[in-house]
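Worksheet: one structure, shown below.
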Amino acid sequence: MRIFSGIQPTGRKHLGNYIGAIRQYVESQERGDPAIFSIVDLHATTVAYDPAQLRTNLYDTTATLLAAGLEPDRCVLFRQSDVPEHTELTWLISAVCAHGDLNRMTQFKDKSGQQKDLVSAGLFIYPLLMAADVLAYRTDEVPVGDDQRQHIELTREIARRFNERFGETLVVPDHRIPAIGARIMDLQEPNRKMSTSVGADSGRIYLLETEKETRKKLASAVTDSGREVRRGEGKEGVANLIGIYAVATGKTEDEVEAEFEGAGYGDFKKAVGESVVEYLAPVRERYPEIRADEAGMERILAAGAARARELAAVTLAAVRAAMGVGVPRG
Ligand code: TYM
């Protein structure tokens with residue numbers, strides 16, 4: 001089974017990224033043939049950014065993934081811009097993607113509203129590059145958080161339309177969205193997903209922050225005026241913490257509710273804090289040594305890109321042939 005996912009090298013990765021996506025990447029190394037992961041630096045150029053910072057962020061994200069448990073011998077890990085097949089395929093599949101479909105993407109609507117100076121064309125075609133990332137590897141399964149659901153739907157639609165128009169060439173991929181923790185919410189504004197780009201720092205847990213910071217943020221997470229540790233209407237904050245605790249301890253949400261029956265929010269939030277500190281400890285501990293070795297990371301990324309190019313080149317040759325572009329194949 002081919003597994004592919006991408007992650008942006010933007011800012012510091014947070015608990016939402018980890019629970020929604022990164023932990024799934026680590027598990028999927030077992031099942032993937034191969035499991036392929038890309039740090040999507042080209043996607044990061046679609047909003048205002050600083051080139052030097054992008055390089056730094058790329059290493060931060062690479063080191064985070066390695067610290068979380070991606071092993072270069074068991075997966076393919078590479079930088080998106082090292083594999084030009086992605087950008088070529090973006091153009092080619094644009095032939096079967098409707099402008100109206102891109103216009104409907106909620107992420108485009110959100111992000112374009114946040115841009116001060118320029119809404120780039122790149123931001124508009126972002127989902128096409130993402131579809132190309134996935135389709136280039138004839139991917140069966142894409143582990144992502146819930147916020148990427150619409151993009152994966154579009155990717156499926158593009159693959160179907162391509163196959164109808166040009167003959168069976170592309171694989172229609174499935175998403176793999178976790179049952180618990182697919183949408184980790186902001187700790188201060190639990191009606192909004194945890195995100196690097198919106199809201200105050202107190203609303204998100206960074207993977208690499210200190211234990212003290214993590215404990216403090218969870219202790220002051222917004223709950224509600226009730227007293228029961230239960231999911232339900234108007235209890236988004238509590239429900240979010242129940243989900244986080246369930247993932248961090250490997251329990252079900254029902255078990256968590258039973259465990260804290262009769263307990264107050266204070267005790268519950270304290271327990272959530274401890275569980276998250278422990279859950280993230282391995283990543284935090286392994287990170288500094290990996291991050292210090294940029295040359296080592298470049299070697300891993302170069303080897304990953306070489307493998308990725310071999311795989312993507314096969315798809316690209318088939319796509320070009322099906323579309324009638326380039327030198328005819330004999
Ligand atoms: P990115 O970099 O924003 O996020 C990386 C992964 O983290 C998940 N995620 C969350 N999961 C649960 N709760 C949250 N609050 C939360 N916030 C983020 C995301 O769903 C994602 O899986 N467009 C993608 C990157 C991408 C990609 C791809 C993904 C580019 N090409 C191909 C899959 C396949 C993105 O911006 O993810």
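Identifiers in this document derive from the order of the structure tokens: chains are assigned A, B, ..., residues are numbered from 1 separately in each chain, and ligands are numbered from 1 in order of occurrence.
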
**Study point:** Shell of 12 Å around segment 51-53 of chain A, only C-alpha atoms, local chain residues under 6 positions omitted, as a list in words
**Key:** Pro9, Thr10, Gly11, Arg12, Asp41, Leu42, Ala44, Thr45, Tyr59 and Asp60 of chain A

With N, CA and C atoms retained, export the selected residues as a short mmCIF file (atom, residue, chain, number, x, y, z; two decimals), in the first residue's frame.
data_model
loop_
_atom_site.label_atom_id
_atom_site.label_comp_id
_atom_site.auth_asym_id
_atom_site.auth_seq_id
_atom_site.Cartn_x
_atom_site.Cartn_y
_atom_site.Cartn_z
N PRO A 9 6.56 23.47 6.15
CA PRO A 9 7.65 23.92 7.02
C PRO A 9 7.38 25.32 7.52
N THR A 10 6.25 25.49 8.20
CA THR A 10 5.92 26.83 8.68
C THR A 10 5.91 26.82 10.21
N GLY A 11 6.60 27.77 10.78
CA GLY A 11 6.55 27.99 12.22
C GLY A 11 6.85 26.74 13.03
N ARG A 12 6.37 26.73 14.24
CA ARG A 12 6.64 25.60 15.13
C ARG A 12 5.44 24.66 15.09
N ASP A 41 7.94 22.70 0.96
CA ASP A 41 8.42 24.08 1.00
C ASP A 41 7.76 24.95 -0.08
N LEU A 42 7.36 24.34 -1.20
CA LEU A 42 6.72 25.15 -2.25
C LEU A 42 5.35 25.66 -1.81
N ALA A 44 4.72 26.58 1.09
CA ALA A 44 4.96 27.68 2.05
C ALA A 44 5.23 29.01 1.35
N THR A 45 5.44 28.99 0.04
CA THR A 45 5.70 30.25 -0.67
C THR A 45 4.40 30.92 -1.15
N TYR A 59 14.42 22.91 8.30
CA TYR A 59 15.21 22.03 9.18
C TYR A 59 14.46 21.74 10.48
N ASP A 60 13.78 22.75 10.99
CA ASP A 60 13.00 22.53 12.23
C ASP A 60 11.98 21.42 12.02
#

**Study point:** Selection within 8 Å of ligand 1 by only C-alpha atoms and all ligand atoms, output as an MDAnalysis selection string
**Key:** chainID A and resid 4:10 14:22 38:40 43 126:127 129:134 142:149 151:152 181:186 193:195

Could you please take those selected residues and save N, CA and C atoms as a short mmCIF file (atom, residue, chain, number, x, y, z; two decimals), in the first residue's frame?
data_model
loop_
_atom_site.label_atom_id
_atom_site.label_comp_id
_atom_site.auth_asym_id
_atom_site.auth_seq_id
_atom_site.Cartn_x
_atom_site.Cartn_y
_atom_site.Cartn_z
N PHE A 4 1.16 8.42 1.36
CA PHE A 4 1.85 9.70 1.18
C PHE A 4 1.21 10.76 2.05
N SER A 5 2.04 11.62 2.64
CA SER A 5 1.50 12.83 3.24
C SER A 5 2.51 13.96 3.18
N GLY A 6 2.01 15.17 3.30
CA GLY A 6 2.88 16.35 3.27
C GLY A 6 2.63 17.21 4.48
N ILE A 7 3.66 17.96 4.83
CA ILE A 7 3.54 18.87 5.99
C ILE A 7 4.30 20.15 5.66
N GLN A 8 3.72 21.28 6.06
CA GLN A 8 4.35 22.56 5.72
C GLN A 8 5.48 22.90 6.69
N PRO A 9 6.56 23.47 6.15
CA PRO A 9 7.65 23.92 7.02
C PRO A 9 7.38 25.32 7.52
N THR A 10 6.25 25.49 8.20
CA THR A 10 5.92 26.83 8.68
C THR A 10 5.91 26.82 10.21
N HIS A 14 2.64 22.07 16.23
CA HIS A 14 1.86 22.06 17.47
C HIS A 14 1.19 20.70 17.68
N LEU A 15 0.52 20.61 18.82
CA LEU A 15 -0.11 19.35 19.21
C LEU A 15 -1.15 18.87 18.19
N GLY A 16 -1.82 19.80 17.51
CA GLY A 16 -2.78 19.42 16.47
C GLY A 16 -2.08 18.69 15.33
N ASN A 17 -0.95 19.22 14.89
CA ASN A 17 -0.17 18.55 13.83
C ASN A 17 0.24 17.16 14.27
N TYR A 18 0.63 17.07 15.53
CA TYR A 18 1.16 15.79 16.02
C TYR A 18 0.05 14.73 16.12
N ILE A 19 -1.06 15.12 16.75
CA ILE A 19 -2.14 14.16 16.99
C ILE A 19 -2.90 13.87 15.69
N GLY A 20 -3.14 14.91 14.89
CA GLY A 20 -3.90 14.72 13.66
C GLY A 20 -3.10 14.00 12.58
N ALA A 21 -1.79 14.27 12.53
CA ALA A 21 -1.03 13.80 11.38
C ALA A 21 0.25 13.03 11.75
N ILE A 22 1.16 13.67 12.47
CA ILE A 22 2.51 13.10 12.62
C ILE A 22 2.50 11.71 13.27
N SER A 38 6.64 14.30 2.65
CA SER A 38 7.31 15.43 2.02
C SER A 38 7.14 16.68 2.87
N ILE A 39 8.23 17.41 3.01
CA ILE A 39 8.16 18.71 3.67
C ILE A 39 7.95 19.71 2.54
N VAL A 40 6.75 20.29 2.52
CA VAL A 40 6.28 20.96 1.30
C VAL A 40 6.68 22.44 1.29
N HIS A 43 4.66 24.86 -1.01
CA HIS A 43 3.37 25.34 -0.50
C HIS A 43 3.57 26.55 0.42
N TYR A 126 -2.93 26.24 -4.77
CA TYR A 126 -2.35 25.40 -3.70
C TYR A 126 -2.93 23.98 -3.71
N PRO A 127 -4.25 23.81 -3.80
CA PRO A 127 -4.81 22.44 -3.76
C PRO A 127 -4.38 21.59 -4.96
N LEU A 129 -1.32 21.73 -6.38
CA LEU A 129 0.03 21.23 -6.05
C LEU A 129 -0.09 20.10 -5.02
N MET A 130 -1.01 20.24 -4.11
CA MET A 130 -1.22 19.19 -3.12
C MET A 130 -1.74 17.91 -3.80
N ALA A 131 -2.65 18.06 -4.74
CA ALA A 131 -3.15 16.89 -5.48
C ALA A 131 -2.00 16.23 -6.24
N ALA A 132 -1.15 17.06 -6.84
CA ALA A 132 -0.01 16.52 -7.59
C ALA A 132 0.93 15.76 -6.65
N ASP A 133 1.16 16.29 -5.45
CA ASP A 133 2.01 15.60 -4.46
C ASP A 133 1.51 14.16 -4.27
N VAL A 134 0.21 14.05 -4.10
CA VAL A 134 -0.40 12.75 -3.79
C VAL A 134 -0.41 11.85 -5.03
N VAL A 142 -3.80 8.63 2.34
CA VAL A 142 -3.19 9.90 2.76
C VAL A 142 -3.55 10.20 4.21
N PRO A 143 -2.63 10.00 5.15
CA PRO A 143 -2.92 10.35 6.55
C PRO A 143 -2.89 11.87 6.76
N VAL A 144 -4.01 12.42 7.20
CA VAL A 144 -4.12 13.87 7.43
C VAL A 144 -5.10 14.14 8.57
N GLY A 145 -5.10 15.38 9.03
CA GLY A 145 -6.12 15.84 9.96
C GLY A 145 -7.37 16.23 9.19
N ASP A 146 -8.43 16.50 9.94
CA ASP A 146 -9.74 16.76 9.33
C ASP A 146 -9.73 18.00 8.42
N ASP A 147 -8.87 18.97 8.72
CA ASP A 147 -8.90 20.22 7.92
C ASP A 147 -8.45 19.99 6.47
N GLN A 148 -7.86 18.84 6.18
CA GLN A 148 -7.43 18.57 4.81
C GLN A 148 -8.44 17.72 4.03
N ARG A 149 -9.55 17.42 4.66
CA ARG A 149 -10.56 16.54 4.04
C ARG A 149 -11.00 17.07 2.67
N HIS A 151 -9.48 19.08 0.62
CA HIS A 151 -8.41 18.99 -0.37
C HIS A 151 -8.25 17.57 -0.91
N ILE A 152 -8.42 16.60 -0.04
CA ILE A 152 -8.29 15.21 -0.50
C ILE A 152 -9.48 14.84 -1.40
N GLY A 181 -9.12 12.98 17.74
CA GLY A 181 -8.04 13.96 17.57
C GLY A 181 -7.85 14.43 16.14
N ALA A 182 -8.85 14.25 15.28
CA ALA A 182 -8.72 14.70 13.89
C ALA A 182 -8.75 16.21 13.78
N ARG A 183 -9.30 16.84 14.82
CA ARG A 183 -9.40 18.29 14.82
C ARG A 183 -9.18 18.79 16.24
N ILE A 184 -7.92 19.02 16.59
CA ILE A 184 -7.60 19.54 17.92
C ILE A 184 -7.91 21.03 17.91
N MET A 185 -8.64 21.47 18.92
CA MET A 185 -9.09 22.86 18.94
C MET A 185 -8.15 23.75 19.75
N ASP A 186 -8.24 25.04 19.49
CA ASP A 186 -7.47 26.04 20.23
C ASP A 186 -7.88 25.98 21.71
N LYS A 193 -9.98 25.60 15.25
CA LYS A 193 -8.92 24.59 15.33
C LYS A 193 -7.60 25.21 15.79
N MET A 194 -6.79 24.41 16.45
CA MET A 194 -5.45 24.85 16.84
C MET A 194 -4.65 25.09 15.57
N SER A 195 -4.03 26.27 15.46
CA SER A 195 -3.36 26.64 14.22
C SER A 195 -2.19 27.56 14.53
#

Can you pull out every residue within 7 Å of Arg230 of chain A, counting only C-alpha atoms, but drop anything in the same chain fewer than 3 positions away, and send it as a PDB file with all heavy atoms, in the first residue's frame?
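The new file result-v1.pdb reads:
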ATOM      1  N   VAL A 238     -14.047  21.338  26.949  1.00  0.00           N
ATOM      2  CA  VAL A 238     -13.885  20.101  27.722  1.00  0.00           C
ATOM      3  C   VAL A 238     -13.727  18.910  26.771  1.00  0.00           C
ATOM      4  O   VAL A 238     -12.859  18.055  26.959  1.00  0.00           O
ATOM      5  CB  VAL A 238     -15.091  19.894  28.676  1.00  0.00           C
ATOM      6  CG1 VAL A 238     -14.958  18.567  29.411  1.00  0.00           C
ATOM      7  CG2 VAL A 238     -15.172  21.038  29.669  1.00  0.00           C
ATOM      8  N   ALA A 239     -14.562  18.889  25.729  1.00  0.00           N
ATOM      9  CA  ALA A 239     -14.503  17.786  24.762  1.00  0.00           C
ATOM     10  C   ALA A 239     -13.117  17.716  24.113  1.00  0.00           C
ATOM     11  O   ALA A 239     -12.552  16.630  23.912  1.00  0.00           O
ATOM     12  CB  ALA A 239     -15.572  17.966  23.693  1.00  0.00           C
ATOM     13  N   GLU A 257     -14.179   9.840  30.330  1.00  0.00           N
ATOM     14  CA  GLU A 257     -15.324  10.413  31.057  1.00  0.00           C
ATOM     15  C   GLU A 257     -15.597   9.622  32.337  1.00  0.00           C
ATOM     16  O   GLU A 257     -15.869  10.206  33.389  1.00  0.00           O
ATOM     17  CB  GLU A 257     -16.571  10.418  30.159  1.00  0.00           C
ATOM     18  CG  GLU A 257     -16.488  11.472  29.054  1.00  0.00           C
ATOM     19  CD  GLU A 257     -17.690  11.462  28.118  1.00  0.00           C
ATOM     20  OE1 GLU A 257     -18.528  10.539  28.218  1.00  0.00           O
ATOM     21  OE2 GLU A 257     -17.772  12.380  27.287  1.00  0.00           O
TER      22      GLU A 257
END

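Neighbours of Leu187 of chain A closer than or equal to 6 Å, with only C-alpha atoms counted and sequence neighbours fewer than 3 positions away skipped, come out as Pro190, Gly203 and Ala221 of chain A.
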
Would you write out those residues with C-alpha atoms, as a PDB file, in the first residue's frame?
ATOM      1  CA  PRO A 190     -12.259  25.963  21.433  1.00  0.00           C
ATOM      2  CA  GLY A 203      -4.123  28.572  22.767  1.00  0.00           C
ATOM      3  CA  ALA A 221      -7.449  26.070  28.979  1.00  0.00           C
TER       4      ALA A 221
END

Considering only C-alpha atoms, tabulate each residue of segment 143-221 of chain A that lies at most 10 Å from segment 95-101 of chain A along with its nearest interatomic pair and the corresponding distance in Å to one decimal; arrange the rows by chain and ascending residue number and present them as a Markdown table.
| residue | atom | partner | partner_atom | distance |
| --- | --- | --- | --- | --- |
| A:Leu154 | CA | A:Asp101 | CA | 7.6 |
| A:Thr155 | CA | A:Cys97 | CA | 9.3 |
| A:Glu157 | CA | A:Cys97 | CA | 8.3 |
| A:Ile158 | CA | A:Cys97 | CA | 6.0 |
| A:Ala159 | CA | A:Val96 | CA | 8.6 |
| A:Arg160 | CA | A:Val96 | CA | 9.4 |
| A:Arg161 | CA | A:Val96 | CA | 6.2 |
| A:Phe162 | CA | A:Val96 | CA | 6.1 |
| A:Asn163 | CA | A:Val96 | CA | 9.7 |
| A:Glu164 | CA | A:Val96 | CA | 9.8 |
| A:Arg165 | CA | A:Val96 | CA | 8.1 |
| A:Phe166 | CA | A:Val96 | CA | 9.8 |

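Each of A:Gln115, A:Thr210, A:Gln188, A:Thr252 was compared to Tyr49 of chain A using only C-alpha atoms, and A:Gln115 turns out to be the nearest.
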
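When only C-alpha atoms are used to compute distances to Ile36 of chain A, the closest of the residues A:Ala321, A:Leu135, A:Val76, A:Leu280 turns out to be A:Val76.
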
Point to revise | Who sits within 7 Å of segment 105-112 of chain A, only C-alpha atoms, same chain under 4 positions skipped, as a count of residues only | key: 4

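Between atom CA of Arg284 of chain A and atom CA of Leu208 of chain A there is a distance of 5.5 Å.
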
Exercise for review: Select from segment 92-210 of chain A everything DSSP, run on the backbone, classes as strand (DSSP E or B), then give the selection as JSON, numbers by chain.
Suggested key: {"A": [141, 142, 143, 174, 175, 176, 185, 193, 206]}

Expected file: the selected residues, N, CA and C atoms, as a compact mmCIF listing (two decimals), in the first residue's frame:
# COMPACT_ATOMS: atom_id res chain seq x y z
N GLU A 141 -3.33 5.87 0.16
CA GLU A 141 -3.83 6.39 1.43
C GLU A 141 -3.07 7.64 1.86
N VAL A 142 -3.80 8.63 2.34
CA VAL A 142 -3.19 9.90 2.76
C VAL A 142 -3.55 10.20 4.21
N PRO A 143 -2.63 10.00 5.15
CA PRO A 143 -2.92 10.35 6.55
C PRO A 143 -2.89 11.87 6.76
N ASP A 174 -7.50 7.39 -0.86
CA ASP A 174 -8.38 7.57 0.29
C ASP A 174 -7.65 8.41 1.35
N HIS A 175 -8.44 9.16 2.10
CA HIS A 175 -7.79 9.84 3.23
C HIS A 175 -7.79 8.89 4.42
N ARG A 176 -6.92 9.14 5.36
CA ARG A 176 -6.94 8.43 6.63
C ARG A 176 -6.93 9.49 7.72
N MET A 185 -8.64 21.47 18.92
CA MET A 185 -9.09 22.86 18.94
C MET A 185 -8.15 23.75 19.75
N LYS A 193 -9.98 25.60 15.25
CA LYS A 193 -8.92 24.59 15.33
C LYS A 193 -7.60 25.21 15.79
N TYR A 206 2.99 23.86 21.70
CA TYR A 206 4.05 23.55 20.74
C TYR A 206 4.75 22.26 21.16

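Among the candidates A:Glu30, A:Asp201, A:Glu168, A:Asp50, the one nearest to Lys216 of chain A when counting only C-alpha atoms is A:Asp201.
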
Exercise for review: Would you mind listing what lies within 12 Å of Asp254 of chain A as a PyMOL selection string, with only C-alpha atoms counted and same-chain residues fewer than 5 positions away left out?
Suggested key: chain A and resi 180+229-231+239+242-243+245-246+259-261

Requested write-out: C-alpha atoms of the selected residues, as a CSV table (one decimal), in the first residue's frame:
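Okay, part.csv is ready:
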chain,number,residue,atom,x,y,z
A,180,ILE,CA,-10.0,10.7,17.9
A,229,VAL,CA,-16.0,16.2,32.5
A,230,ARG,CA,-18.2,15.2,29.6
A,231,ARG,CA,-18.6,15.9,25.9
A,239,ALA,CA,-14.5,17.8,24.8
A,242,ILE,CA,-11.0,14.7,26.7
A,243,GLY,CA,-9.8,14.0,23.1
A,245,TYR,CA,-6.1,13.1,27.1
A,246,ALA,CA,-7.6,10.0,25.4
A,259,GLU,CA,-12.3,8.1,35.0
A,260,PHE,CA,-13.2,11.7,35.8
A,261,GLU,CA,-16.7,11.2,36.9
